[in-house]
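Source file model_2.csv; content: CSV, N, CA and C atoms.
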chain,number,residue,atom,x,y,z
A,1,MET,N,-53.9,44.9,-42.7
A,1,MET,CA,-54.3,43.6,-43.2
A,1,MET,C,-53.4,43.2,-44.3
A,2,GLN,N,-52.9,42.0,-44.3
A,2,GLN,CA,-52.0,41.5,-45.4
A,2,GLN,C,-52.9,41.0,-46.5
A,3,ARG,N,-52.6,41.4,-47.7
A,3,ARG,CA,-53.5,41.0,-48.9
A,3,ARG,C,-52.9,39.7,-49.5
A,4,LEU,N,-53.8,38.8,-49.9
A,4,LEU,CA,-53.3,37.6,-50.6
A,4,LEU,C,-52.6,37.8,-51.9
A,5,ASN,N,-53.2,38.7,-52.6
A,5,ASN,CA,-52.5,39.2,-53.9
A,5,ASN,C,-53.0,40.6,-54.1
A,6,GLU,N,-52.8,41.2,-55.2
A,6,GLU,CA,-53.1,42.6,-55.4
A,6,GLU,C,-54.6,42.9,-55.3
A,7,ASN,N,-55.4,41.9,-55.6
A,7,ASN,CA,-56.9,42.2,-55.7
A,7,ASN,C,-57.7,41.7,-54.5
A,8,TYR,N,-57.2,40.8,-53.7
A,8,TYR,CA,-58.1,40.2,-52.7
A,8,TYR,C,-57.5,40.2,-51.3
A,9,ALA,N,-58.3,40.5,-50.3
A,9,ALA,CA,-57.9,40.6,-48.9
A,9,ALA,C,-58.1,39.3,-48.2
A,10,SER,N,-59.0,38.4,-48.7
A,10,SER,CA,-59.2,37.2,-48.0
A,10,SER,C,-59.6,36.1,-49.1
A,11,ILE,N,-59.5,34.9,-48.6
A,11,ILE,CA,-59.9,33.8,-49.5
A,11,ILE,C,-61.3,33.8,-49.8
A,12,ASN,N,-62.2,34.2,-48.8
A,12,ASN,CA,-63.6,34.3,-49.1
A,12,ASN,C,-63.9,35.4,-50.1
A,13,GLU,N,-63.2,36.5,-50.1
A,13,GLU,CA,-63.4,37.5,-51.1
A,13,GLU,C,-63.0,37.0,-52.5
A,14,MET,N,-61.9,36.3,-52.6
A,14,MET,CA,-61.5,35.7,-53.8
A,14,MET,C,-62.5,34.7,-54.3
A,15,THR,N,-63.0,33.8,-53.4
A,15,THR,CA,-63.9,32.8,-53.8
A,15,THR,C,-65.2,33.4,-54.3
A,16,ASP,N,-65.7,34.4,-53.6
A,16,ASP,CA,-66.9,35.1,-54.0
A,16,ASP,C,-66.8,35.7,-55.4
A,17,LYS,N,-65.7,36.3,-55.7
A,17,LYS,CA,-65.5,36.9,-57.0
A,17,LYS,C,-65.4,35.9,-58.1
A,18,LEU,N,-64.7,34.8,-57.8
A,18,LEU,CA,-64.5,33.7,-58.8
A,18,LEU,C,-65.9,33.1,-59.1
A,19,LEU,N,-66.7,32.8,-58.1
A,19,LEU,CA,-68.0,32.2,-58.3
A,19,LEU,C,-68.9,33.1,-59.0
A,20,ARG,N,-68.9,34.4,-58.8
A,20,ARG,CA,-69.7,35.4,-59.5
A,20,ARG,C,-69.3,35.5,-61.0
A,21,ASN,N,-68.0,35.3,-61.3
A,21,ASN,CA,-67.6,35.4,-62.7
A,21,ASN,C,-67.8,34.2,-63.5
A,22,ARG,N,-68.3,33.1,-62.9
A,22,ARG,CA,-68.6,31.9,-63.7
A,22,ARG,C,-69.7,32.1,-64.6
A,23,THR,N,-69.6,31.6,-65.8
A,23,THR,CA,-70.7,31.7,-66.7
A,23,THR,C,-71.8,30.7,-66.4
A,24,PRO,N,-73.0,31.1,-66.4
A,24,PRO,CA,-74.1,30.1,-66.0
A,24,PRO,C,-74.3,29.1,-67.2
A,25,LYS,N,-74.7,27.9,-66.8
A,25,LYS,CA,-74.9,26.9,-67.8
A,25,LYS,C,-76.1,27.2,-68.6
A,26,THR,N,-76.0,27.0,-69.9
A,26,THR,CA,-77.2,27.2,-70.7
A,26,THR,C,-77.9,25.9,-70.8
A,27,GLU,N,-79.1,25.9,-71.3
A,27,GLU,CA,-79.9,24.7,-71.5
A,27,GLU,C,-79.2,23.8,-72.5
A,28,ASP,N,-78.5,24.3,-73.5
A,28,ASP,CA,-77.8,23.5,-74.5
A,28,ASP,C,-76.5,22.8,-74.0
A,29,SER,N,-75.9,23.4,-72.9
A,29,SER,CA,-74.7,22.8,-72.5
A,29,SER,C,-75.0,21.5,-71.7
A,30,LYS,N,-74.1,20.6,-71.8
A,30,LYS,CA,-74.3,19.3,-71.2
A,30,LYS,C,-73.8,19.4,-69.7
A,31,ASN,N,-74.4,18.6,-68.9
A,31,ASN,CA,-74.0,18.5,-67.5
A,31,ASN,C,-72.7,17.8,-67.4
A,32,THR,N,-71.6,18.5,-66.9
A,32,THR,CA,-70.3,17.9,-66.9
A,32,THR,C,-70.0,17.3,-65.5
A,33,ASP,N,-71.0,17.4,-64.6
A,33,ASP,CA,-70.7,16.8,-63.2
A,33,ASP,C,-70.6,15.3,-63.3
A,34,VAL,N,-69.5,14.8,-62.7
A,34,VAL,CA,-69.2,13.4,-62.8
A,34,VAL,C,-69.1,12.9,-61.3
A,35,SER,N,-69.7,11.8,-61.0
A,35,SER,CA,-69.6,11.3,-59.7
A,35,SER,C,-68.2,10.7,-59.4
A,36,PHE,N,-67.9,10.6,-58.1
A,36,PHE,CA,-66.6,10.0,-57.7
A,36,PHE,C,-66.5,8.6,-58.2
A,37,GLU,N,-67.7,7.8,-58.1
A,37,GLU,CA,-67.7,6.4,-58.5
A,37,GLU,C,-67.4,6.3,-60.0
A,38,GLU,N,-67.9,7.2,-60.9
A,38,GLU,CA,-67.6,7.2,-62.3
A,38,GLU,C,-66.1,7.4,-62.6
A,39,VAL,N,-65.5,8.4,-61.9
A,39,VAL,CA,-64.1,8.7,-62.0
A,39,VAL,C,-63.3,7.4,-61.6
A,40,LEU,N,-63.7,6.9,-60.5
A,40,LEU,CA,-62.9,5.7,-60.0
A,40,LEU,C,-63.0,4.5,-60.9
A,41,ASN,N,-64.2,4.3,-61.5
A,41,ASN,CA,-64.4,3.2,-62.4
A,41,ASN,C,-63.6,3.4,-63.7
A,42,THR,N,-63.6,4.6,-64.2
A,42,THR,CA,-62.8,5.0,-65.4
A,42,THR,C,-61.3,4.7,-65.1
A,43,THR,N,-60.8,5.1,-63.9
A,43,THR,CA,-59.4,4.9,-63.6
A,43,THR,C,-59.1,3.4,-63.5
A,44,LYS,N,-60.0,2.6,-62.9
A,44,LYS,CA,-59.8,1.2,-62.8
A,44,LYS,C,-59.8,0.6,-64.2
A,45,ASN,N,-60.7,1.0,-65.1
A,45,ASN,CA,-60.7,0.4,-66.4
A,45,ASN,C,-59.4,0.8,-67.2
A,46,ASN,N,-58.9,2.0,-67.0
A,46,ASN,CA,-57.6,2.3,-67.7
A,46,ASN,C,-56.5,1.6,-67.1
A,47,SER,N,-56.5,1.2,-65.9
A,47,SER,CA,-55.4,0.4,-65.3
A,47,SER,C,-55.4,-1.0,-65.7
A,48,THR,N,-56.5,-1.5,-66.2
A,48,THR,CA,-56.6,-2.9,-66.6
A,48,THR,C,-56.6,-3.0,-68.1
A,49,GLU,N,-55.7,-2.3,-68.8
A,49,GLU,CA,-55.6,-2.4,-70.2
A,49,GLU,C,-55.0,-3.8,-70.6
A,50,THR,N,-54.9,-4.1,-71.8
A,50,THR,CA,-54.5,-5.3,-72.3
A,50,THR,C,-53.2,-5.8,-71.7
A,51,LEU,N,-53.2,-7.1,-71.4
A,51,LEU,CA,-52.0,-7.7,-70.8
A,51,LEU,C,-50.9,-7.7,-71.8
A,52,ARG,N,-49.7,-7.3,-71.4
A,52,ARG,CA,-48.5,-7.3,-72.3
A,52,ARG,C,-47.6,-8.4,-71.9
A,53,PHE,N,-46.7,-8.7,-72.9
A,53,PHE,CA,-45.7,-9.8,-72.6
A,53,PHE,C,-44.3,-9.1,-72.8
A,54,SER,N,-43.5,-9.3,-71.8
A,54,SER,CA,-42.1,-8.8,-71.9
A,54,SER,C,-41.3,-9.5,-73.0
A,55,LYS,N,-40.2,-9.0,-73.3
A,55,LYS,CA,-39.3,-9.6,-74.3
A,55,LYS,C,-38.9,-11.0,-73.9
A,56,HIS,N,-38.6,-11.1,-72.6
A,56,HIS,CA,-38.2,-12.4,-72.0
A,56,HIS,C,-39.3,-13.4,-72.1
A,57,ALA,N,-40.5,-13.0,-71.8
A,57,ALA,CA,-41.7,-13.9,-71.8
A,57,ALA,C,-42.0,-14.3,-73.3
A,58,ASN,N,-41.9,-13.4,-74.2
A,58,ASN,CA,-42.0,-13.8,-75.6
A,58,ASN,C,-41.0,-14.8,-76.1
A,59,GLU,N,-39.8,-14.6,-75.6
A,59,GLU,CA,-38.7,-15.6,-75.9
A,59,GLU,C,-39.0,-17.0,-75.4
A,60,ARG,N,-39.5,-17.0,-74.1
A,60,ARG,CA,-39.9,-18.3,-73.4
A,60,ARG,C,-41.0,-18.9,-74.1
A,61,LEU,N,-42.0,-18.1,-74.5
A,61,LEU,CA,-43.2,-18.7,-75.2
A,61,LEU,C,-42.7,-19.4,-76.5
A,62,ALA,N,-41.8,-18.7,-77.3
A,62,ALA,CA,-41.3,-19.3,-78.5
A,62,ALA,C,-40.5,-20.5,-78.3
A,63,MET,N,-39.5,-20.4,-77.3
A,63,MET,CA,-38.6,-21.5,-77.0
A,63,MET,C,-39.3,-22.7,-76.5
A,64,ARG,N,-40.4,-22.5,-75.7
A,64,ARG,CA,-41.1,-23.7,-75.1
A,64,ARG,C,-42.3,-24.1,-75.9
A,65,ASN,N,-42.5,-23.4,-77.1
A,65,ASN,CA,-43.6,-23.7,-78.0
A,65,ASN,C,-44.9,-23.6,-77.3
A,66,ILE,N,-45.1,-22.6,-76.6
A,66,ILE,CA,-46.4,-22.3,-75.9
A,66,ILE,C,-47.2,-21.4,-76.8
A,67,ASN,N,-48.4,-21.9,-77.1
A,67,ASN,CA,-49.4,-21.1,-77.9
A,67,ASN,C,-50.7,-21.0,-77.1
A,68,LEU,N,-51.1,-19.8,-76.9
A,68,LEU,CA,-52.3,-19.5,-76.1
A,68,LEU,C,-53.5,-19.3,-77.0
A,69,SER,N,-54.6,-20.1,-76.6
A,69,SER,CA,-55.8,-19.8,-77.4
A,69,SER,C,-56.5,-18.5,-76.8
A,70,GLU,N,-57.5,-18.1,-77.5
A,70,GLU,CA,-58.2,-16.9,-77.1
A,70,GLU,C,-58.8,-17.0,-75.7
A,71,LYS,N,-59.3,-18.2,-75.4
A,71,LYS,CA,-59.9,-18.5,-74.1
A,71,LYS,C,-58.8,-18.5,-73.0
A,72,GLN,N,-57.7,-19.1,-73.3
A,72,GLN,CA,-56.6,-19.2,-72.4
A,72,GLN,C,-56.1,-17.8,-72.1
A,73,MET,N,-56.0,-17.0,-73.1
A,73,MET,CA,-55.5,-15.6,-72.9
A,73,MET,C,-56.5,-14.8,-72.0
A,74,GLU,N,-57.8,-15.0,-72.3
A,74,GLU,CA,-58.8,-14.4,-71.4
A,74,GLU,C,-58.7,-14.8,-70.0
A,75,ARG,N,-58.5,-16.1,-69.8
A,75,ARG,CA,-58.3,-16.6,-68.4
A,75,ARG,C,-57.0,-16.1,-67.7
A,76,LEU,N,-56.0,-15.9,-68.5
A,76,LEU,CA,-54.8,-15.2,-68.0
A,76,LEU,C,-55.0,-13.8,-67.6
A,77,GLU,N,-55.8,-13.1,-68.4
A,77,GLU,CA,-56.1,-11.7,-68.1
A,77,GLU,C,-57.0,-11.6,-66.9
A,78,ASN,N,-58.0,-12.6,-66.8
A,78,ASN,CA,-58.9,-12.6,-65.6
A,78,ASN,C,-58.1,-12.9,-64.3
A,79,GLY,N,-57.2,-13.8,-64.4
A,79,GLY,CA,-56.3,-14.2,-63.3
A,79,GLY,C,-55.5,-13.0,-62.8
A,80,THR,N,-55.0,-12.2,-63.8
A,80,THR,CA,-54.3,-11.0,-63.4
A,80,THR,C,-55.2,-10.0,-62.8
A,81,THR,N,-56.4,-9.8,-63.2
A,81,THR,CA,-57.4,-8.9,-62.6
A,81,THR,C,-57.7,-9.4,-61.2
A,82,LYS,N,-57.8,-10.7,-61.0
A,82,LYS,CA,-58.1,-11.2,-59.6
A,82,LYS,C,-56.9,-10.9,-58.7
A,83,ALA,N,-55.7,-11.1,-59.2
A,83,ALA,CA,-54.5,-10.8,-58.4
A,83,ALA,C,-54.5,-9.3,-58.0
A,84,ARG,N,-54.8,-8.4,-59.0
A,84,ARG,CA,-54.8,-7.0,-58.7
A,84,ARG,C,-55.8,-6.7,-57.6
A,85,GLU,N,-57.0,-7.3,-57.7
A,85,GLU,CA,-58.0,-7.0,-56.7
A,85,GLU,C,-57.6,-7.5,-55.3
A,86,LYS,N,-56.8,-8.5,-55.2
A,86,LYS,CA,-56.3,-8.9,-53.9
A,86,LYS,C,-55.0,-8.2,-53.5
A,87,GLY,N,-54.5,-7.3,-54.3
A,87,GLY,CA,-53.3,-6.5,-53.9
A,87,GLY,C,-52.0,-7.3,-54.1
A,88,ILE,N,-52.0,-8.3,-55.0
A,88,ILE,CA,-50.8,-9.0,-55.3
A,88,ILE,C,-50.0,-8.2,-56.3
A,89,ARG,N,-48.7,-8.1,-56.1
A,89,ARG,CA,-47.8,-7.3,-57.0
A,89,ARG,C,-47.2,-8.2,-58.0
A,90,GLU,N,-46.6,-9.3,-57.6
A,90,GLU,CA,-46.0,-10.3,-58.5
A,90,GLU,C,-46.7,-11.6,-58.4
A,91,SER,N,-47.4,-12.1,-59.4
A,91,SER,CA,-48.3,-13.2,-59.2
A,91,SER,C,-47.9,-14.4,-60.1
A,92,LEU,N,-48.1,-15.6,-59.6
A,92,LEU,CA,-48.1,-16.8,-60.5
A,92,LEU,C,-49.5,-17.0,-60.9
A,93,VAL,N,-49.7,-17.0,-62.2
A,93,VAL,CA,-51.1,-17.3,-62.7
A,93,VAL,C,-51.0,-18.6,-63.5
A,94,MET,N,-51.8,-19.6,-63.1
A,94,MET,CA,-51.8,-20.9,-63.7
A,94,MET,C,-53.0,-21.0,-64.7
A,95,VAL,N,-52.7,-21.4,-65.9
A,95,VAL,CA,-53.8,-21.6,-66.9
A,95,VAL,C,-53.5,-23.0,-67.5
A,96,ASP,N,-54.4,-23.9,-67.2
A,96,ASP,CA,-54.2,-25.3,-67.7
A,96,ASP,C,-52.9,-25.8,-67.1
A,97,ASP,N,-52.0,-26.3,-68.0
A,97,ASP,CA,-50.7,-26.8,-67.6
A,97,ASP,C,-49.6,-25.8,-67.8
A,98,MET,N,-50.0,-24.5,-67.9
A,98,MET,CA,-49.0,-23.4,-68.1
A,98,MET,C,-49.0,-22.5,-66.9
A,99,ALA,N,-47.8,-22.0,-66.6
A,99,ALA,CA,-47.6,-21.1,-65.5
A,99,ALA,C,-47.0,-19.8,-66.1
A,100,PHE,N,-47.5,-18.7,-65.6
A,100,PHE,CA,-47.1,-17.3,-66.0
A,100,PHE,C,-46.8,-16.5,-64.7
A,101,ILE,N,-45.6,-15.9,-64.8
A,101,ILE,CA,-45.3,-14.9,-63.7
A,101,ILE,C,-45.7,-13.5,-64.3
A,102,VAL,N,-46.6,-12.8,-63.5
A,102,VAL,CA,-47.1,-11.6,-64.0
A,102,VAL,C,-46.8,-10.4,-63.0
A,103,ASN,N,-46.2,-9.4,-63.6
A,103,ASN,CA,-46.0,-8.1,-62.8
A,103,ASN,C,-47.4,-7.4,-62.9
A,104,VAL,N,-48.2,-7.5,-61.8
A,104,VAL,CA,-49.5,-7.0,-61.9
A,104,VAL,C,-49.6,-5.5,-62.1
A,105,LYS,N,-48.7,-4.8,-61.4
A,105,LYS,CA,-48.8,-3.3,-61.5
A,105,LYS,C,-48.6,-2.8,-62.9
A,106,ASN,N,-47.6,-3.5,-63.6
A,106,ASN,CA,-47.3,-3.1,-65.0
A,106,ASN,C,-48.2,-3.8,-66.0
A,107,ASN,N,-49.0,-4.8,-65.5
A,107,ASN,CA,-49.8,-5.6,-66.4
A,107,ASN,C,-49.0,-6.3,-67.4
A,108,THR,N,-47.9,-6.9,-67.0
A,108,THR,CA,-47.0,-7.5,-67.9
A,108,THR,C,-46.6,-8.9,-67.5
A,109,VAL,N,-46.7,-9.9,-68.4
A,109,VAL,CA,-46.2,-11.2,-68.2
A,109,VAL,C,-44.7,-11.2,-68.3
A,110,VAL,N,-44.1,-11.6,-67.2
A,110,VAL,CA,-42.6,-11.6,-67.1
A,110,VAL,C,-42.0,-12.8,-67.7
A,111,THR,N,-42.6,-14.0,-67.4
A,111,THR,CA,-42.1,-15.2,-68.0
A,111,THR,C,-43.2,-16.3,-68.1
A,112,ALA,N,-43.0,-17.3,-68.9
A,112,ALA,CA,-44.0,-18.3,-69.1
A,112,ALA,C,-43.3,-19.7,-69.0
A,113,ILE,N,-44.0,-20.7,-68.4
A,113,ILE,CA,-43.5,-22.0,-68.3
A,113,ILE,C,-44.5,-23.0,-68.7
A,114,GLY,N,-44.2,-23.9,-69.6
A,114,GLY,CA,-45.1,-24.9,-70.1
A,114,GLY,C,-45.2,-26.1,-69.1
A,115,ASP,N,-45.4,-27.3,-69.6
A,115,ASP,CA,-45.6,-28.5,-68.8
A,115,ASP,C,-44.2,-28.9,-68.3
A,116,SER,N,-43.9,-28.5,-67.0
A,116,SER,CA,-42.6,-28.8,-66.4
A,116,SER,C,-42.9,-29.3,-65.0
A,117,ALA,N,-42.4,-30.5,-64.6
A,117,ALA,CA,-42.7,-31.0,-63.3
A,117,ALA,C,-41.9,-30.4,-62.2
A,118,ASP,N,-40.7,-30.0,-62.4
A,118,ASP,CA,-39.8,-29.5,-61.3
A,118,ASP,C,-39.6,-28.0,-61.5
A,119,SER,N,-40.6,-27.3,-61.3
A,119,SER,CA,-40.5,-25.8,-61.5
A,119,SER,C,-40.5,-25.2,-60.1
A,120,ILE,N,-39.6,-24.2,-59.9
A,120,ILE,CA,-39.6,-23.4,-58.6
A,120,ILE,C,-39.9,-22.0,-59.0
A,121,PHE,N,-40.8,-21.4,-58.3
A,121,PHE,CA,-41.2,-20.0,-58.5
A,121,PHE,C,-40.8,-19.1,-57.3
A,122,THR,N,-40.0,-18.1,-57.7
A,122,THR,CA,-39.5,-17.2,-56.6
A,122,THR,C,-40.0,-15.8,-56.9
A,123,ASN,N,-39.9,-14.9,-55.9
A,123,ASN,CA,-40.2,-13.5,-56.0
A,123,ASN,C,-41.7,-13.3,-56.4
A,124,ILE,N,-42.6,-14.1,-55.9
A,124,ILE,CA,-44.0,-13.8,-56.1
A,124,ILE,C,-44.6,-13.6,-54.7
A,125,ASP,N,-45.7,-12.9,-54.7
A,125,ASP,CA,-46.4,-12.7,-53.4
A,125,ASP,C,-47.8,-13.2,-53.5
A,126,GLY,N,-48.1,-14.0,-54.5
A,126,GLY,CA,-49.5,-14.6,-54.6
A,126,GLY,C,-49.6,-15.5,-55.8
A,127,ALA,N,-50.6,-16.3,-55.8
A,127,ALA,CA,-50.9,-17.2,-57.0
A,127,ALA,C,-52.3,-17.2,-57.3
A,128,VAL,N,-52.7,-17.3,-58.6
A,128,VAL,CA,-54.0,-17.5,-59.0
A,128,VAL,C,-54.1,-18.7,-59.9
A,129,ILE,N,-55.0,-19.6,-59.6
A,129,ILE,CA,-55.1,-20.8,-60.5
A,129,ILE,C,-56.5,-20.6,-61.2
A,130,GLY,N,-56.4,-20.5,-62.5
A,130,GLY,CA,-57.6,-20.2,-63.3
A,130,GLY,C,-57.7,-21.0,-64.4

Represent the structure from my file as structure tokens, please.
Amino acid sequence: MQRLNENYASINEMTDKLLRNRTPKTEDSKNTDVSFEEVLNTTKNNSTETLRFSKHANERLAMRNINLSEKQMERLENGTTKAREKGIRESLVMVDDMAFIVNVKNNTVVTAIGDSADSIFTNIDGAVIG
């Protein structure tokens, strides 16, 4: 019989030994069992960290004199979250009379456009009007 390593002849033997060597939980120790749903929700929350602005977007905001209120920023973040939920990778997010191109995966505003009648948006795969 071929041995798995120096000490065990089978996976079952290895598993049995490992399980027997575990220290039993004491009454003082906290239950560390976490459900799959909790892990998934934690991962989702980490992926939706604060929206960032690229250098280019910051330059466009300054050049076009675009100032976002706290409510507008919240709507931009909500629009990005909606785009993520729909599987959009590069989204146009409209907030009032402002347009933002957002790289959803990186949670980054790529560019910003203020009140402009003749705007063309390329390289997007979805839009959110919020």

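Straight-line separation from atom CA of A:Ile120 to atom N of A:Glu77: 21.6 Å.
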
Practice task
For A:Asn65, work out the shell of residues within 8 Å, counting all atoms listed in the file and skipping chain neighbours fewer than 5 positions away, then give it as a list in words.
Solution key: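 Returned residues: Glu59, Arg60 and Gly114 of chain A.
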
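Interatomic distance, atom C of A:Asn58 to atom CA of A:Val110: 9.7 Å.
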
Exercise for the section: List the neighbours of stretch 98-105 of chain A out to 6.5 Å using only N, CA and C atoms; skip same-chain residues closer than 3 positions along the sequence, and give me the result as a ChimeraX atom specification. Expected result: /A:80,84,88-95,108-115

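Remark: for A:Asn78, the closest of the candidate residues A:Ile66, A:Asp97, A:Ser54, A:Gly130 is A:Gly130 (distances computed over all atoms listed in the file).
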
Practice task
Just give me the gap between atom C of A:Lys82 and atom N of A:Asp96 in Å, one decimal is fine.
Solution key: 15.7 Å

Problem - Top pick for closest residue to A:Leu76, considering A:Ala57, A:Ala127, A:Leu51, A:Met63 and counting all atoms listed in the file - result: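 Of all the options, A:Leu51 lies closest to A:Leu76.
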